[in-house]
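Source file input.cif; content: mmCIF, C-alpha atoms.
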data_upload
#
loop_
_atom_site.label_atom_id
_atom_site.label_comp_id
_atom_site.auth_asym_id
_atom_site.auth_seq_id
_atom_site.Cartn_x
_atom_site.Cartn_y
_atom_site.Cartn_z
CA MET K 226 -13.94 22.95 -13.79
CA LYS K 227 -11.77 23.67 -16.80
CA GLU K 228 -8.99 21.26 -17.71
CA THR K 229 -10.05 19.03 -14.87
CA ALA K 230 -10.52 16.02 -17.14
CA LYS K 231 -6.90 16.25 -18.26
CA ASN K 232 -5.77 16.65 -14.68
CA LEU K 233 -7.87 13.75 -13.45
CA ASN K 234 -6.04 11.42 -15.82
CA ARG K 235 -2.79 12.30 -14.09
CA MET K 236 -4.09 11.60 -10.61
CA ALA K 237 -3.23 7.88 -10.50
CA LYS K 238 0.41 8.69 -11.12
CA PHE K 239 0.28 10.93 -8.07
CA GLY K 240 -1.23 8.40 -5.73
CA ILE K 241 -4.86 9.48 -5.92
CA SER K 242 -7.43 6.98 -7.12
CA GLU K 243 -11.22 6.57 -6.91
CA GLY K 244 -12.38 5.69 -3.41
CA ILE K 245 -10.46 7.29 -0.54
CA SER K 246 -6.71 7.90 -0.94
CA GLU K 247 -4.64 8.55 2.17
CA MET K 248 -2.38 11.60 1.78
CA ILE K 249 -0.66 14.07 4.09
CA LEU K 250 -2.29 17.48 3.62
CA THR K 251 -0.13 20.58 4.11
CA THR K 252 -1.76 23.96 4.75
CA LYS K 253 -0.70 27.51 5.57
CA ASN K 254 -1.29 28.45 9.21
CA ALA K 255 -2.96 31.71 10.22
CA SER K 256 -0.37 34.45 10.80
CA ASP K 257 -0.89 34.39 14.59
CA SER K 258 0.20 30.74 14.81
CA ASN K 259 3.73 30.06 16.05
CA LYS K 260 4.30 27.66 13.13
CA THR K 261 3.93 28.79 9.52
CA ALA K 262 2.61 25.50 8.17
CA ASN K 263 0.67 22.44 9.27
CA ALA K 264 0.77 18.81 8.10
CA ALA K 265 -1.82 16.12 8.88
CA PRO K 266 -2.96 12.90 7.18
CA PHE K 267 -6.43 12.94 5.63
CA GLY K 268 -8.28 10.92 3.04
CA ILE K 269 -9.16 12.48 -0.31
CA THR K 270 -12.46 11.07 -1.53
CA TRP K 271 -13.07 10.63 -5.25
CA LYS K 272 -16.53 9.30 -5.96
CA ASN K 273 -18.95 9.77 -8.87
CA ASN K 274 -16.61 12.25 -10.62
CA ARG K 275 -16.49 14.39 -7.51
CA MET K 276 -13.37 14.97 -5.43
CA PHE K 277 -13.72 16.24 -1.88
CA LEU K 278 -12.45 16.43 1.69
CA HIS K 279 -14.65 15.76 4.69
CA LEU K 280 -13.08 17.60 7.63
CA PHE K 281 -14.28 17.63 11.21
CA LYS K 282 -14.25 20.84 13.23
CA GLY K 283 -11.40 21.22 15.67
CA SER K 284 -8.47 20.15 13.50
CA THR K 285 -5.87 22.66 12.33
CA THR K 286 -6.48 21.52 8.74
CA TYR K 287 -10.16 22.42 9.17
CA GLU K 288 -9.29 25.88 10.56
CA ASN K 289 -6.79 26.54 7.77
CA LEU K 290 -8.99 25.42 4.89
CA MET K 291 -11.94 27.50 6.06
CA ARG K 292 -9.64 30.49 5.49
CA GLU K 293 -7.28 29.45 2.66
CA ASP K 294 -8.21 28.08 -0.76
CA TYR K 295 -5.01 26.23 -1.64
CA PHE K 296 -3.31 23.21 -0.08
CA ALA K 297 -1.04 20.35 -1.08
CA ALA K 298 -1.70 16.60 -0.86
CA ASN K 299 1.66 14.92 -0.24
CA MET K 300 2.44 11.29 -0.99
CA THR K 301 5.03 9.34 0.96
CA ASP K 302 5.72 5.77 2.02
CA ASP K 303 7.71 7.02 5.03
CA ALA K 304 5.88 5.63 8.06
CA VAL K 305 7.66 8.05 10.42
CA LEU K 306 6.46 11.14 8.55
CA TYR K 307 2.99 9.66 8.53
CA ALA K 308 2.90 8.90 12.27
CA LYS K 309 4.56 12.18 13.34
CA SER K 310 2.17 14.34 11.35
CA THR K 311 -0.82 12.41 12.75
CA PHE K 312 0.03 13.15 16.39
CA TYR K 313 2.52 16.05 16.55
CA ASP K 314 3.53 19.29 14.84
CA LEU K 315 6.32 18.81 12.34
CA GLU K 316 9.37 21.06 12.74
CA GLU K 317 9.60 24.07 10.38
CA GLU K 318 12.49 22.39 8.52
CA ALA K 319 10.14 19.63 7.34
CA PHE K 320 8.41 22.09 5.00
CA ASP K 321 9.21 23.67 1.68
CA ILE K 322 7.18 26.15 -0.37
CA ALA K 323 5.82 25.17 -3.79
CA ALA K 324 4.59 27.80 -6.24
CA ALA K 325 2.26 27.43 -9.20
CA ILE K 326 0.67 29.77 -11.69
CA GLU K 327 -3.07 29.66 -12.14
CA ASP K 328 -5.20 31.26 -14.83
CA GLU K 329 -7.86 33.59 -13.48
CA GLU K 330 -11.51 32.85 -14.31
CA ASN K 331 -11.57 35.57 -16.98
CA GLY K 332 -8.73 33.76 -18.79
CA GLU K 333 -6.73 36.97 -19.19
CA GLU K 334 -4.81 37.23 -15.98
CA GLN K 335 -2.62 34.82 -14.08
CA LYS K 336 -1.88 34.62 -10.41
CA THR K 337 0.91 32.96 -8.50
CA ILE K 338 -0.07 30.75 -5.61
CA SER K 339 2.31 29.39 -2.98
CA VAL K 340 1.62 26.47 -0.70
CA PRO K 341 3.65 24.65 1.98
CA VAL K 342 4.63 21.10 1.02
CA LEU K 343 6.63 18.34 2.71
CA LYS K 344 10.32 18.47 1.80
CA ASN K 345 10.53 14.68 2.05
CA ALA K 346 7.38 13.84 0.11
CA ASP K 347 7.92 11.72 -2.98
CA ARG K 348 5.42 13.83 -4.88
CA PHE K 349 2.45 16.07 -4.29
CA VAL K 350 -0.57 17.66 -5.93
CA LEU K 351 -1.61 21.28 -5.35
CA PHE K 352 -5.35 21.55 -4.85
CA LYS K 353 -7.84 24.39 -4.82
CA CYS K 354 -10.97 24.43 -2.65
CA VAL K 355 -13.85 25.27 -4.99
CA SER K 356 -16.81 25.13 -2.60
CA ARG K 357 -17.59 24.40 1.04
CA LEU K 358 -20.71 22.81 2.50
CA GLU K 359 -20.83 23.30 6.25
CA ALA K 360 -22.67 21.01 8.67
CA ALA K 361 -22.94 21.19 12.46
CA ASP K 362 -19.66 19.45 13.22
CA SER K 363 -17.86 19.21 9.88
CA VAL K 364 -17.44 20.61 6.39
CA VAL K 365 -17.35 18.97 2.95
CA ILE K 366 -14.98 20.84 0.65
CA ASP K 367 -15.05 20.20 -3.10
CA ILE K 368 -11.55 20.39 -4.49
CA GLU K 369 -9.81 20.31 -7.85
CA PRO K 370 -6.17 19.70 -8.80
CA VAL K 371 -4.16 22.74 -9.92
CA ASP K 372 -0.63 21.40 -10.41
CA PHE K 373 1.53 18.30 -9.99
CA PHE K 374 5.09 17.93 -8.69
CA ILE K 375 7.49 15.00 -8.45
CA PHE K 376 10.46 15.01 -6.06
CA ASN K 377 11.32 11.32 -6.29
CA SER K 378 10.48 9.69 -9.60
CA GLU K 379 11.47 6.25 -8.27
CA LYS K 380 8.29 6.32 -6.22
CA GLU K 381 5.86 7.41 -8.95
CA GLY K 382 2.76 5.30 -9.02
CA PHE K 383 2.74 4.39 -5.36
CA ILE K 384 -0.85 4.58 -4.18
CA PHE K 385 -2.22 4.37 -0.72
CA ASN K 386 -5.73 3.02 -0.71
CA ARG K 387 -6.83 1.33 2.52
CA GLY K 388 -9.34 -0.74 0.52
CA PHE K 389 -6.68 -2.42 -1.60
CA HIS K 390 -4.58 -3.22 1.45
CA SER K 391 -7.66 -4.58 3.18
CA VAL K 392 -8.38 -7.02 0.33
CA VAL K 393 -4.85 -8.39 0.71
CA GLU K 394 -5.30 -8.61 4.49
CA ALA K 395 -8.67 -10.37 4.05
CA CYS K 396 -7.06 -12.93 1.72
CA ILE K 397 -4.26 -13.59 4.20
CA HIS K 398 -6.68 -13.96 7.12
CA LEU K 399 -8.99 -16.30 5.21
CA THR K 400 -6.02 -18.49 4.27
CA ARG K 401 -5.06 -18.63 7.96
CA TYR K 402 -8.67 -19.39 8.88
CA GLU K 403 -8.67 -22.34 6.48
CA LEU K 404 -5.57 -23.72 8.23
CA THR K 405 -6.51 -23.05 11.86
CA LYS K 406 -10.31 -22.53 11.99
CA ASP K 407 -9.63 -19.81 14.57
CA PRO K 408 -12.67 -17.46 14.48
CA ILE K 409 -10.49 -14.42 15.24
CA TYR K 410 -9.61 -14.43 11.51
CA ILE K 411 -13.29 -14.04 10.62
CA ASP K 412 -13.41 -10.96 12.87
CA TYR K 413 -10.38 -9.53 11.05
CA ILE K 414 -12.01 -10.18 7.66
CA ARG K 415 -15.20 -8.45 8.81
CA HIS K 416 -13.13 -5.48 9.98
CA HIS K 417 -11.38 -5.20 6.62
CA GLN K 418 -14.66 -5.62 4.73
CA ARG K 419 -15.88 -2.37 6.32
CA ILE K 420 -12.72 -0.55 5.18
CA ILE K 421 -13.11 -1.93 1.63
CA GLN K 422 -16.74 -0.74 1.44
CA LYS K 423 -15.73 2.70 2.69
CA CYS K 424 -12.38 3.37 0.99
CA GLY K 425 -11.93 0.83 -1.80
CA ARG K 426 -11.78 1.33 -5.54
CA LYS K 427 -14.15 -0.59 -7.84
CA ARG K 428 -11.53 -3.32 -8.33
CA ASP K 429 -11.05 -3.62 -4.56
CA LYS K 430 -14.76 -4.21 -4.06
CA GLU K 431 -14.69 -6.80 -6.86
CA GLY K 432 -11.69 -8.41 -5.17
CA PHE K 433 -13.67 -8.76 -1.96
CA LEU K 434 -16.46 -10.54 -3.86
CA ILE K 435 -13.95 -13.34 -4.50
CA VAL K 436 -13.19 -13.52 -0.79
CA LYS K 437 -16.95 -13.75 -0.21
CA LYS K 438 -17.28 -16.52 -2.79
CA LYS K 439 -14.62 -18.47 -0.91
CA LEU K 440 -16.40 -17.74 2.41
CA MET K 441 -19.57 -19.19 0.88
CA GLU K 442 -17.74 -22.33 -0.18
CA LEU K 443 -16.48 -22.64 3.39
CA GLU K 444 -20.07 -22.07 4.57
CA ILE K 445 -19.21 -19.12 6.78
CA ALA K 446 -20.59 -16.40 4.51
CA ASP K 447 -23.62 -15.77 6.73
CA HIS K 448 -21.35 -13.92 9.17
CA PHE K 449 -21.11 -11.24 6.47
CA GLU K 450 -23.47 -8.67 5.04
CA MET Q 184 26.13 -14.01 -5.57
CA LYS Q 185 27.67 -12.07 -8.43
CA GLU Q 186 26.15 -8.74 -9.44
CA THR Q 187 23.61 -9.11 -6.68
CA ALA Q 188 24.54 -5.78 -5.07
CA LYS Q 189 23.70 -3.97 -8.30
CA ASN Q 190 20.46 -5.90 -8.58
CA LEU Q 191 19.49 -5.24 -4.98
CA ASN Q 192 19.58 -1.50 -5.63
CA ARG Q 193 16.94 -1.96 -8.27
CA MET Q 194 14.60 -3.92 -6.03
CA ALA Q 195 12.77 -0.94 -4.50
CA LYS Q 196 11.70 0.16 -7.96
CA PHE Q 197 10.16 -3.27 -8.45
CA GLY Q 198 8.19 -3.31 -5.22
CA ILE Q 199 10.56 -5.34 -3.07
CA SER Q 200 11.89 -3.73 0.11
CA GLU Q 201 13.50 -4.95 3.34
CA GLY Q 202 11.02 -6.74 5.59
CA ILE Q 203 8.38 -8.85 3.85
CA SER Q 204 7.01 -7.71 0.47
CA GLU Q 205 3.76 -9.20 -0.77
CA MET Q 206 4.01 -10.40 -4.38
CA ILE Q 207 2.23 -12.91 -6.61
CA LEU Q 208 4.65 -15.74 -7.41
CA THR Q 209 4.28 -17.50 -10.76
CA THR Q 210 5.82 -20.94 -11.28
CA LYS Q 211 5.91 -23.61 -13.96
CA ASN Q 212 3.70 -26.60 -13.15
CA ALA Q 213 4.92 -30.19 -13.48
CA SER Q 214 4.13 -31.59 -16.94
CA ASP Q 215 1.40 -33.90 -15.57
CA SER Q 216 -0.63 -30.96 -14.28
CA ASN Q 217 -3.62 -29.87 -16.38
CA LYS Q 218 -2.47 -26.22 -16.14
CA THR Q 219 0.93 -25.12 -17.39
CA ALA Q 220 1.48 -22.41 -14.77
CA ASN Q 221 0.50 -21.51 -11.22
CA ALA Q 222 0.06 -18.15 -9.50
CA ALA Q 223 -0.20 -17.57 -5.74
CA PRO Q 224 0.56 -14.65 -3.40
CA PHE Q 225 3.55 -15.06 -1.09
CA GLY Q 226 5.78 -12.77 0.91
CA ILE Q 227 9.41 -12.34 -0.12
CA THR Q 228 11.54 -11.81 2.99
CA TRP Q 229 14.58 -9.58 2.81
CA LYS Q 230 16.41 -9.46 6.13
CA ASN Q 231 20.09 -9.01 7.05
CA ASN Q 232 21.18 -8.98 3.39
CA ARG Q 233 19.45 -12.28 2.79
CA MET Q 234 16.47 -12.76 0.50
CA PHE Q 235 14.32 -15.85 0.89
CA LEU Q 236 10.95 -17.58 0.65
CA HIS Q 237 9.48 -19.61 3.49
CA LEU Q 238 7.04 -22.07 1.90
CA PHE Q 239 4.86 -24.59 3.70
CA LYS Q 240 4.40 -28.09 2.31
CA GLY Q 241 1.18 -28.69 0.46
CA SER Q 242 1.01 -25.61 -1.75
CA THR Q 243 1.51 -25.83 -5.52
CA THR Q 244 4.22 -23.15 -5.24
CA TYR Q 245 6.07 -25.41 -2.79
CA GLU Q 246 5.79 -28.41 -5.14
CA ASN Q 247 6.93 -26.39 -8.13
CA LEU Q 248 9.91 -24.71 -6.47
CA MET Q 249 11.24 -27.99 -5.06
CA ARG Q 250 11.58 -29.02 -8.72
CA GLU Q 251 12.23 -25.79 -10.65
CA ASP Q 252 14.91 -23.16 -9.96
CA TYR Q 253 13.29 -20.14 -11.60
CA PHE Q 254 10.14 -18.19 -10.82
CA ALA Q 255 8.73 -14.68 -11.17
CA ALA Q 256 7.55 -12.29 -8.44
CA ASN Q 257 4.74 -10.18 -9.93
CA MET Q 258 3.63 -6.81 -8.63
CA THR Q 259 0.09 -5.56 -9.06
CA ASP Q 260 -2.37 -3.30 -7.27
CA ASP Q 261 -5.28 -5.23 -8.82
CA ALA Q 262 -7.24 -6.62 -5.88
CA VAL Q 263 -9.12 -9.09 -8.11
CA LEU Q 264 -5.94 -10.72 -9.39
CA TYR Q 265 -4.70 -10.89 -5.83
CA ALA Q 266 -7.84 -12.52 -4.42
CA LYS Q 267 -8.35 -14.94 -7.35
CA SER Q 268 -4.80 -16.25 -7.20
CA THR Q 269 -5.09 -16.73 -3.42
CA PHE Q 270 -8.09 -19.04 -3.63
CA TYR Q 271 -8.43 -20.33 -7.20
CA ASP Q 272 -6.44 -21.36 -10.28
CA LEU Q 273 -6.07 -18.55 -12.79
CA GLU Q 274 -7.11 -19.31 -16.37
CA GLU Q 275 -4.31 -20.07 -18.88
CA GLU Q 276 -4.91 -16.72 -20.60
CA ALA Q 277 -3.80 -14.89 -17.46
CA PHE Q 278 -0.21 -15.98 -18.09
CA ASP Q 279 2.56 -14.94 -20.42
CA ILE Q 280 6.08 -16.31 -20.75
CA ALA Q 281 9.11 -14.14 -19.95
CA ALA Q 282 12.58 -15.11 -21.08
CA ALA Q 283 15.96 -14.01 -19.78
CA ILE Q 284 19.55 -14.88 -20.49
CA GLU Q 285 21.76 -15.91 -17.61
CA ASP Q 286 25.56 -16.30 -17.53
CA GLU Q 287 26.67 -19.76 -16.46
CA GLU Q 288 28.89 -20.07 -13.38
CA ASN Q 289 31.99 -20.55 -15.55
CA GLY Q 290 31.32 -17.16 -17.14
CA GLU Q 291 31.80 -18.58 -20.64
CA GLU Q 292 28.39 -19.90 -21.51
CA GLN Q 293 24.93 -18.42 -21.38
CA LYS Q 294 21.60 -20.10 -20.97
CA THR Q 295 18.09 -18.97 -21.74
CA ILE Q 296 15.51 -19.36 -19.02
CA SER Q 297 11.77 -18.99 -19.46
CA VAL Q 298 9.27 -18.42 -16.68
CA PRO Q 299 5.50 -17.87 -16.57
CA VAL Q 300 4.47 -14.35 -15.52
CA LEU Q 301 1.15 -12.57 -15.08
CA LYS Q 302 0.05 -10.79 -18.24
CA ASN Q 303 -1.62 -8.08 -16.17
CA ALA Q 304 1.20 -7.50 -13.68
CA ASP Q 305 2.58 -3.97 -13.62
CA ARG Q 306 6.10 -5.34 -13.32
CA PHE Q 307 7.95 -8.43 -12.18
CA VAL Q 308 11.33 -9.76 -11.14
CA LEU Q 309 12.70 -13.12 -12.29
CA PHE Q 310 14.31 -14.97 -9.40
CA LYS Q 311 16.56 -17.99 -9.10
CA CYS Q 312 16.46 -20.40 -6.16
CA VAL Q 313 20.06 -20.74 -4.98
CA SER Q 314 19.66 -23.10 -2.00
CA ARG Q 315 16.95 -24.94 -0.08
CA LEU Q 316 16.83 -25.76 3.61
CA GLU Q 317 14.11 -28.30 4.34
CA ALA Q 318 12.34 -28.66 7.68
CA ALA Q 319 9.56 -31.06 8.72
CA ASP Q 320 6.66 -29.03 7.34
CA SER Q 321 8.29 -26.30 5.26
CA VAL Q 322 11.30 -25.15 3.26
CA VAL Q 323 13.36 -21.97 3.33
CA ILE Q 324 14.63 -21.14 -0.16
CA ASP Q 325 17.37 -18.56 -0.62
CA ILE Q 326 16.73 -16.59 -3.81
CA GLU Q 327 18.46 -13.97 -5.94
CA PRO Q 328 17.14 -11.65 -8.65
CA VAL Q 329 18.08 -12.52 -12.24
CA ASP Q 330 16.21 -9.95 -14.33
CA PHE Q 331 13.67 -7.11 -14.11
CA PHE Q 332 10.72 -6.28 -16.38
CA ILE Q 333 8.26 -3.38 -16.49
CA PHE Q 334 4.88 -3.66 -18.25
CA ASN Q 335 3.32 -0.51 -16.84
CA SER Q 336 5.76 2.25 -16.01
CA GLU Q 337 2.98 4.38 -14.49
CA LYS Q 338 3.02 1.98 -11.57
CA GLU Q 339 6.78 1.84 -10.96
CA GLY Q 340 7.63 2.29 -7.34
CA PHE Q 341 4.45 0.85 -5.92
CA ILE Q 342 5.42 -1.27 -2.94
CA PHE Q 343 3.34 -3.63 -0.94
CA ASN Q 344 4.58 -3.91 2.61
CA ARG Q 345 1.98 -4.92 5.22
CA GLY Q 346 4.08 -3.16 7.87
CA PHE Q 347 3.76 0.27 6.25
CA HIS Q 348 0.05 -0.25 5.76
CA SER Q 349 -0.24 -1.28 9.42
CA VAL Q 350 1.47 1.91 10.67
CA VAL Q 351 -1.12 3.97 8.80
CA GLU Q 352 -3.93 1.81 10.20
CA ALA Q 353 -2.50 2.14 13.74
CA CYS Q 354 -2.42 5.95 13.38
CA ILE Q 355 -6.03 6.02 12.17
CA HIS Q 356 -7.22 3.73 14.99
CA LEU Q 357 -5.38 5.71 17.67
CA THR Q 358 -6.96 8.93 16.38
CA ARG Q 359 -10.38 7.27 16.61
CA TYR Q 360 -9.56 5.99 20.09
CA GLU Q 361 -8.75 9.53 21.21
CA LEU Q 362 -12.18 10.66 20.00
CA THR Q 363 -14.29 7.74 21.23
CA LYS Q 364 -12.26 5.91 23.95
CA ASP Q 365 -13.64 2.68 22.46
CA PRO Q 366 -11.17 -0.09 23.47
CA ILE Q 367 -11.78 -1.98 20.20
CA TYR Q 368 -9.33 0.48 18.61
CA ILE Q 369 -6.63 -0.62 21.06
CA ASP Q 370 -7.19 -4.22 19.92
CA TYR Q 371 -6.81 -3.12 16.30
CA ILE Q 372 -3.56 -1.28 17.12
CA ARG Q 373 -2.21 -4.37 18.89
CA HIS Q 374 -3.11 -6.48 15.85
CA HIS Q 375 -1.27 -4.11 13.51
CA GLN Q 376 1.73 -3.91 15.86
CA ARG Q 377 2.27 -7.64 15.34
CA ILE Q 378 2.22 -7.20 11.55
CA ILE Q 379 4.70 -4.28 11.78
CA GLN Q 380 7.12 -6.36 13.88
CA LYS Q 381 6.89 -9.24 11.43
CA CYS Q 382 6.74 -7.55 8.02
CA GLY Q 383 7.79 -3.92 8.46
CA ARG Q 384 10.82 -2.07 7.12
CA LYS Q 385 13.12 -0.19 9.53
CA ARG Q 386 11.17 3.04 8.90
CA ASP Q 387 7.89 1.27 9.63
CA LYS Q 388 9.16 0.09 13.00
CA GLU Q 389 10.38 3.62 13.75
CA GLY Q 390 6.95 4.91 12.74
CA PHE Q 391 5.30 2.61 15.26
CA LEU Q 392 7.58 3.99 18.00
CA ILE Q 393 5.79 7.33 17.49
CA VAL Q 394 2.43 5.60 17.89
CA LYS Q 395 3.81 4.07 21.12
CA LYS Q 396 4.99 7.49 22.33
CA LYS Q 397 1.45 8.78 21.84
CA LEU Q 398 0.05 5.71 23.62
CA MET Q 399 2.34 6.51 26.56
CA GLU Q 400 1.10 10.09 26.66
CA LEU Q 401 -2.45 8.71 26.74
CA GLU Q 402 -1.33 6.33 29.52
CA ILE Q 403 -2.42 3.20 27.69
CA ALA Q 404 1.05 2.01 26.63
CA ASP Q 405 1.10 -0.81 29.21
CA HIS Q 406 -1.33 -2.75 26.99
CA PHE Q 407 1.62 -3.07 24.57
CA GLU Q 408 4.89 -4.99 24.63
#

I need this file expressed as structure tokens, please.
Amino acid sequence: MKETAKNLNRMAKFGISEGISEMILTTKNASDSNKTANAAPFGITWKNNRMFLHLFKGSTTYENLMREDYFAANMTDDAVLYAKSTFYDLEEEAFDIAAAIEDEENGEEQKTISVPVLKNADRFVLFKCVSRLEAADSVVIDIEPVDFFIFNSEKEGFIFNRGFHSVVEACIHLTRYELTKDPIYIDYIRHHQRIIQKCGRKRDKEGFLIVKKKLMELEIADHFE
Amino acid sequence: MKETAKNLNRMAKFGISEGISEMILTTKNASDSNKTANAAPFGITWKNNRMFLHLFKGSTTYENLMREDYFAANMTDDAVLYAKSTFYDLEEEAFDIAAAIEDEENGEEQKTISVPVLKNADRFVLFKCVSRLEAADSVVIDIEPVDFFIFNSEKEGFIFNRGFHSVVEACIHLTRYELTKDPIYIDYIRHHQRIIQKCGRKRDKEGFLIVKKKLMELEIADHFE
């Protein structure tokens, strides 16, 4: 994976960190589709120096990435774009085309790749699928970054990691629990703990250890794993 | 509030948006405290062109801001810093001092203000308390930005709005509900709806309308307000 180390260092700036980062993936539709491009939110997993997608069969993103090698991971803090692309097709006008030049394996030739991206994304990363491991109902696709684009430099550095958010939510709920003793807050904390274990970065997991320490002091830690 | 319009335009870059933005507030402790500074997470509310804190009696931040006019709102995506400052005192080494020069009301003189900040914050805004409205158990303090500092420009633009986060969570839970029909996901969506109404930006509330549209299509919208 040539030059990947250099590229990996740039990832944080583009909203992708270790753990699972929530992005909107844009892919080229098959030519018989009545829309040229598709957008849908997915998590990009980055664990143990490996970056991959885990896609379940049945989604358009799955269909497209079994056929196409390139896609874009778009970053936005626009909740409308996020919700629309989860449940509905975006209109054609929502897309733009990004092009990048990639060196061929032999190092002598170059090829131009073009990928649909979201016109209103703040920034995006073009990715290449490097291998696919199929299971009965899903596929794990190893990916590597090819190129980086910024539309809105004001928003550089914005990350979306559900684990980080969940640490903040757990802190807020434990503070409320201390005030009210309402056990619903313990349920919320348990819910966010699962998200932290699944999606969080190292620092997020360490952050939750402090929540657990506080839970122990309050003598309610035995509700937790 | 002179120059505030100009300052307000810079807020987004420093992690403060309309709705409620989660920040770590740092304040100077009274001289009889055994720590010189205090750090604790609080939401900064920005609604209808008004920016304020709503602090409940009993917290150190409340005590300090009833006495001192200046504080800093620190932005970080470090979950450990967030959790520690929620439940425990930070060590003295966690703090730095930031200084700013402010024009006096008469426009002729200037004064230097100094405020504790978090050494490991990515960026922070120095605020001034401009008025306080006390109630039985809390105070609402109107605030305005005085100066802006960046420690880590890689992280510019990172916002922390619980409403945005909750739209993404609601989308994820509704997708899971569609797959599993497990009603727990409807409870989670209802929980996040409350956070969106309370903390969200305009776009976050619009984003949740799309979730509601989908809920209507699935004929489960009558569980929601």

| field | Residues selected by the PyMOL selection byres ((chain Q) within 10 of (chain K)), written as a ChimeraX atom specification | value | /Q:193,195-198,205,224-225,260-271,335-355,357-358,371,374,383-394,396-397

Based on the selection just made, write C-alpha atoms of those residues as a tab-separated table (two decimals), in the frame of the given file.
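Everything below was put into out-v9.tsv:
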chain	number	residue	atom	x	y	z
Q	193	ARG	CA	16.94	-1.96	-8.27
Q	195	ALA	CA	12.77	-0.94	-4.50
Q	196	LYS	CA	11.70	0.16	-7.96
Q	197	PHE	CA	10.16	-3.27	-8.45
Q	198	GLY	CA	8.19	-3.31	-5.22
Q	205	GLU	CA	3.76	-9.20	-0.77
Q	224	PRO	CA	0.56	-14.65	-3.40
Q	225	PHE	CA	3.55	-15.06	-1.09
Q	260	ASP	CA	-2.37	-3.30	-7.27
Q	261	ASP	CA	-5.28	-5.23	-8.82
Q	262	ALA	CA	-7.24	-6.62	-5.88
Q	263	VAL	CA	-9.12	-9.09	-8.11
Q	264	LEU	CA	-5.94	-10.72	-9.39
Q	265	TYR	CA	-4.70	-10.89	-5.83
Q	266	ALA	CA	-7.84	-12.52	-4.42
Q	267	LYS	CA	-8.35	-14.94	-7.35
Q	268	SER	CA	-4.80	-16.25	-7.20
Q	269	THR	CA	-5.09	-16.73	-3.42
Q	270	PHE	CA	-8.09	-19.04	-3.63
Q	271	TYR	CA	-8.43	-20.33	-7.20
Q	335	ASN	CA	3.32	-0.51	-16.84
Q	336	SER	CA	5.76	2.25	-16.01
Q	337	GLU	CA	2.98	4.38	-14.49
Q	338	LYS	CA	3.02	1.98	-11.57
Q	339	GLU	CA	6.78	1.84	-10.96
Q	340	GLY	CA	7.63	2.29	-7.34
Q	341	PHE	CA	4.45	0.85	-5.92
Q	342	ILE	CA	5.42	-1.27	-2.94
Q	343	PHE	CA	3.34	-3.63	-0.94
Q	344	ASN	CA	4.58	-3.91	2.61
Q	345	ARG	CA	1.98	-4.92	5.22
Q	346	GLY	CA	4.08	-3.16	7.87
Q	347	PHE	CA	3.76	0.27	6.25
Q	348	HIS	CA	0.05	-0.25	5.76
Q	349	SER	CA	-0.24	-1.28	9.42
Q	350	VAL	CA	1.47	1.91	10.67
Q	351	VAL	CA	-1.12	3.97	8.80
Q	352	GLU	CA	-3.93	1.81	10.20
Q	353	ALA	CA	-2.50	2.14	13.74
Q	354	CYS	CA	-2.42	5.95	13.38
Q	355	ILE	CA	-6.03	6.02	12.17
Q	357	LEU	CA	-5.38	5.71	17.67
Q	358	THR	CA	-6.96	8.93	16.38
Q	371	TYR	CA	-6.81	-3.12	16.30
Q	374	HIS	CA	-3.11	-6.48	15.85
Q	383	GLY	CA	7.79	-3.92	8.46
Q	384	ARG	CA	10.82	-2.07	7.12
Q	385	LYS	CA	13.12	-0.19	9.53
Q	386	ARG	CA	11.17	3.04	8.90
Q	387	ASP	CA	7.89	1.27	9.63
Q	388	LYS	CA	9.16	0.09	13.00
Q	389	GLU	CA	10.38	3.62	13.75
Q	390	GLY	CA	6.95	4.91	12.74
Q	391	PHE	CA	5.30	2.61	15.26
Q	392	LEU	CA	7.58	3.99	18.00
Q	393	ILE	CA	5.79	7.33	17.49
Q	394	VAL	CA	2.43	5.60	17.89
Q	396	LYS	CA	4.99	7.49	22.33
Q	397	LYS	CA	1.45	8.78	21.84

| field | Distance in Å - atom CA of Glu318 of chain K versus atom CA of Thr251 of chain K | value |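 Separating atom CA of Glu318 of chain K from atom CA of Thr251 of chain K is a distance of 13.5 Å.
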
| task | Report as an MDAnalysis selection string the full result of the PyMOL selection byres ((chain K and resi 355) around 8) when it is applied to this structure. | result | chainID K and resid 294 353:354 356:357 366:369

| task | Go through K:Asn299, K:Thr285, K:Ser258, K:Ser246 and flag the residue nearest Lys344 of chain K, using all atoms listed in the file for the distances. | result |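 Selected residue with least distance to Lys344 of chain K: K:Asn299.
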
| message | Need the shell around Ala255 of chain K: protein/DNA/RNA residues with any atom at most 12 Å away, counting only C-alpha atoms. Skip same-chain ones fewer than 2 positions apart. Format as a list in words? | response | Thr252, Lys253, Asp257, Ser258, Asn259, Lys260, Thr261, Ala262, Asn263, Thr285, Thr286, Tyr287, Glu288, Asn289, Leu290, Met291, Arg292 and Glu293 of chain K

| message | Taking the file as I've supplied it (selection: the PyMOL selection byres ((chain K and resi 352) around 6)), which residues are included? Please answer as a PyMOL selection string. | response | chain K and resi 295-297+351+353+369-371

| Contacts of Val322 of chain Q at 9 Å or less, counting all atoms listed in the file, minus same-chain residues fewer than 5 places along, as a PyMOL selection string? | chain Q and resi 236-240+245+249+315-317

| field | Selected residue, from K:Phe349, K:Phe277, K:Phe373, K:Trp271, that lies nearest to Ile326 of chain K when counting only C-alpha atoms | value | K:Phe373

| message | As an exercise, work out the distance from atom CA of Met258 of chain Q to atom CA of Asp272 of chain Q in Å and give it to one decimal place. | response |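 Interatomic distance here is 17.8 Å.
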